[in-house]
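Take a look at the structure set out below.
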Amino acid sequence: MVYQQNDRVKIIKGSLKGHTGKIASCSHEGSYFISRDLTNQKTDSSNLYGPLLGDEISPLAY
């Protein structure tokens, strides 16, 4: 699946599995950076996750 900026997603693989956010940016090669959802996680680390590949994230309903 190809995601666009501001699409809501959930990380489904790796150490950040379960975290949610919005696509902040993407590359032509298919890597994504996620701006995390501050309502669901602690606020003591970076607000940007990535780079992540398309198979490491899944879409969330709006």
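Order determines the names: the first chain of the structure tokens is A, the second B, and so forth; residues in each chain are numbered 1 upward, and ligands are numbered 1 upward as they are shown.
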
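Every residue of chain A found in strand (DSSP E or B) when DSSP is run on the backbone appears here: A:Arg8, A:Val9, A:Lys10, A:Ile11, A:Thr20, A:Gly21, A:Lys22, A:Ile23, A:Ala24, A:Ser25, A:Cys26, A:Ser31, A:Tyr32, A:Phe33, A:Ile34, A:Ser35, A:Arg36, A:Leu48, A:Tyr49, A:Gly50, A:Pro51, A:Leu52, A:Leu53, A:Ile57, A:Ser58, A:Pro59.
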
Output the selection as a PDB file, in the first residue's frame - N, CA and C atoms for each residue.
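Output below, filename selection.pdb:
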ATOM      1  N   ARG A   8      -3.287   8.306   8.820  1.00  0.00           N
ATOM      2  CA  ARG A   8      -3.090   7.742  10.153  1.00  0.00           C
ATOM      3  C   ARG A   8      -2.683   6.280  10.024  1.00  0.00           C
ATOM      4  N   VAL A   9      -1.623   5.899  10.753  1.00  0.00           N
ATOM      5  CA  VAL A   9      -1.083   4.543  10.663  1.00  0.00           C
ATOM      6  C   VAL A   9      -0.694   4.016  12.040  1.00  0.00           C
ATOM      7  N   LYS A  10      -0.527   2.705  12.082  1.00  0.00           N
ATOM      8  CA  LYS A  10      -0.042   2.022  13.285  1.00  0.00           C
ATOM      9  C   LYS A  10       1.197   1.233  12.894  1.00  0.00           C
ATOM     10  N   ILE A  11       2.235   1.281  13.723  1.00  0.00           N
ATOM     11  CA  ILE A  11       3.454   0.516  13.471  1.00  0.00           C
ATOM     12  C   ILE A  11       3.193  -0.925  13.908  1.00  0.00           C
ATOM     13  N   THR A  20       1.128   4.623  17.300  1.00  0.00           N
ATOM     14  CA  THR A  20       0.317   5.187  16.233  1.00  0.00           C
ATOM     15  C   THR A  20       0.737   6.616  15.932  1.00  0.00           C
ATOM     16  N   GLY A  21       0.354   7.089  14.763  1.00  0.00           N
ATOM     17  CA  GLY A  21       0.650   8.460  14.375  1.00  0.00           C
ATOM     18  C   GLY A  21       0.205   8.737  12.958  1.00  0.00           C
ATOM     19  N   LYS A  22       0.744   9.812  12.395  1.00  0.00           N
ATOM     20  CA  LYS A  22       0.426  10.207  11.023  1.00  0.00           C
ATOM     21  C   LYS A  22       1.702  10.224  10.196  1.00  0.00           C
ATOM     22  N   ILE A  23       1.566   9.967   8.896  1.00  0.00           N
ATOM     23  CA  ILE A  23       2.700  10.055   7.993  1.00  0.00           C
ATOM     24  C   ILE A  23       3.162  11.506   7.949  1.00  0.00           C
ATOM     25  N   ALA A  24       4.401  11.757   8.346  1.00  0.00           N
ATOM     26  CA  ALA A  24       4.961  13.109   8.308  1.00  0.00           C
ATOM     27  C   ALA A  24       5.605  13.380   6.960  1.00  0.00           C
ATOM     28  N   SER A  25       6.278  12.357   6.403  1.00  0.00           N
ATOM     29  CA  SER A  25       6.895  12.488   5.089  1.00  0.00           C
ATOM     30  C   SER A  25       7.172  11.101   4.533  1.00  0.00           C
ATOM     31  N   CYS A  26       7.408  11.064   3.239  1.00  0.00           N
ATOM     32  CA  CYS A  26       7.726   9.795   2.593  1.00  0.00           C
ATOM     33  C   CYS A  26       8.715  10.044   1.467  1.00  0.00           C
ATOM     34  N   SER A  31      10.056   4.681   1.854  1.00  0.00           N
ATOM     35  CA  SER A  31      10.262   4.759   3.304  1.00  0.00           C
ATOM     36  C   SER A  31       9.448   5.931   3.857  1.00  0.00           C
ATOM     37  N   TYR A  32       9.008   5.780   5.096  1.00  0.00           N
ATOM     38  CA  TYR A  32       8.099   6.745   5.709  1.00  0.00           C
ATOM     39  C   TYR A  32       8.628   7.215   7.050  1.00  0.00           C
ATOM     40  N   PHE A  33       8.296   8.438   7.411  1.00  0.00           N
ATOM     41  CA  PHE A  33       8.540   8.964   8.746  1.00  0.00           C
ATOM     42  C   PHE A  33       7.177   9.245   9.369  1.00  0.00           C
ATOM     43  N   ILE A  34       7.023   8.815  10.618  1.00  0.00           N
ATOM     44  CA  ILE A  34       5.746   8.912  11.316  1.00  0.00           C
ATOM     45  C   ILE A  34       5.844   9.945  12.436  1.00  0.00           C
ATOM     46  N   SER A  35       4.915  10.870  12.460  1.00  0.00           N
ATOM     47  CA  SER A  35       4.786  11.814  13.566  1.00  0.00           C
ATOM     48  C   SER A  35       3.853  11.162  14.576  1.00  0.00           C
ATOM     49  N   ARG A  36       4.379  10.872  15.749  1.00  0.00           N
ATOM     50  CA  ARG A  36       3.608  10.042  16.677  1.00  0.00           C
ATOM     51  C   ARG A  36       2.396  10.756  17.277  1.00  0.00           C
ATOM     52  N   LEU A  48       9.160  11.938  16.134  1.00  0.00           N
ATOM     53  CA  LEU A  48       9.258  11.435  14.771  1.00  0.00           C
ATOM     54  C   LEU A  48       9.885  10.048  14.769  1.00  0.00           C
ATOM     55  N   TYR A  49       9.200   9.099  14.144  1.00  0.00           N
ATOM     56  CA  TYR A  49       9.703   7.732  14.015  1.00  0.00           C
ATOM     57  C   TYR A  49      10.091   7.488  12.562  1.00  0.00           C
ATOM     58  N   GLY A  50      11.162   6.743  12.350  1.00  0.00           N
ATOM     59  CA  GLY A  50      11.483   6.367  10.993  1.00  0.00           C
ATOM     60  C   GLY A  50      12.973   6.377  10.747  1.00  0.00           C
ATOM     61  N   PRO A  51      13.353   5.952   9.576  1.00  0.00           N
ATOM     62  CA  PRO A  51      12.484   5.575   8.461  1.00  0.00           C
ATOM     63  C   PRO A  51      11.858   4.198   8.679  1.00  0.00           C
ATOM     64  N   LEU A  52      10.644   4.062   8.206  1.00  0.00           N
ATOM     65  CA  LEU A  52       9.908   2.798   8.263  1.00  0.00           C
ATOM     66  C   LEU A  52       9.507   2.414   6.846  1.00  0.00           C
ATOM     67  N   LEU A  53       9.438   1.128   6.583  1.00  0.00           N
ATOM     68  CA  LEU A  53       8.989   0.639   5.281  1.00  0.00           C
ATOM     69  C   LEU A  53       7.488   0.397   5.299  1.00  0.00           C
ATOM     70  N   ILE A  57       4.026  -0.771   8.670  1.00  0.00           N
ATOM     71  CA  ILE A  57       2.911   0.055   9.137  1.00  0.00           C
ATOM     72  C   ILE A  57       1.609  -0.432   8.493  1.00  0.00           C
ATOM     73  N   SER A  58       0.495  -0.109   9.156  1.00  0.00           N
ATOM     74  CA  SER A  58      -0.813  -0.431   8.597  1.00  0.00           C
ATOM     75  C   SER A  58      -1.740   0.757   8.810  1.00  0.00           C
ATOM     76  N   PRO A  59      -2.719   0.920   7.932  1.00  0.00           N
ATOM     77  CA  PRO A  59      -3.613   2.084   8.034  1.00  0.00           C
ATOM     78  C   PRO A  59      -4.553   1.972   9.234  1.00  0.00           C
TER      79      PRO A  59
END

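CA of Leu60 (chain A) lies 8.1 Å from CA of Asp7 (chain A).
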
Work out how far apart CA of Met1 (chain A) and CA of Gly30 (chain A) are and give it in Å to one decimal.
9.7 Å

Restricting the calculation to only C-alpha atoms: of A:Ser27, A:His19, A:Ala61, A:Gln5, which residue gets closest to Asn47 (chain A)?
A:His19

Please provide as a PyMOL selection string all residues within 8 Å of Glu56 (chain A), with the sequence filter that same-chain residues fewer than 5 positions apart are discarded (counting only C-alpha atoms).
chain A and resi 11-14
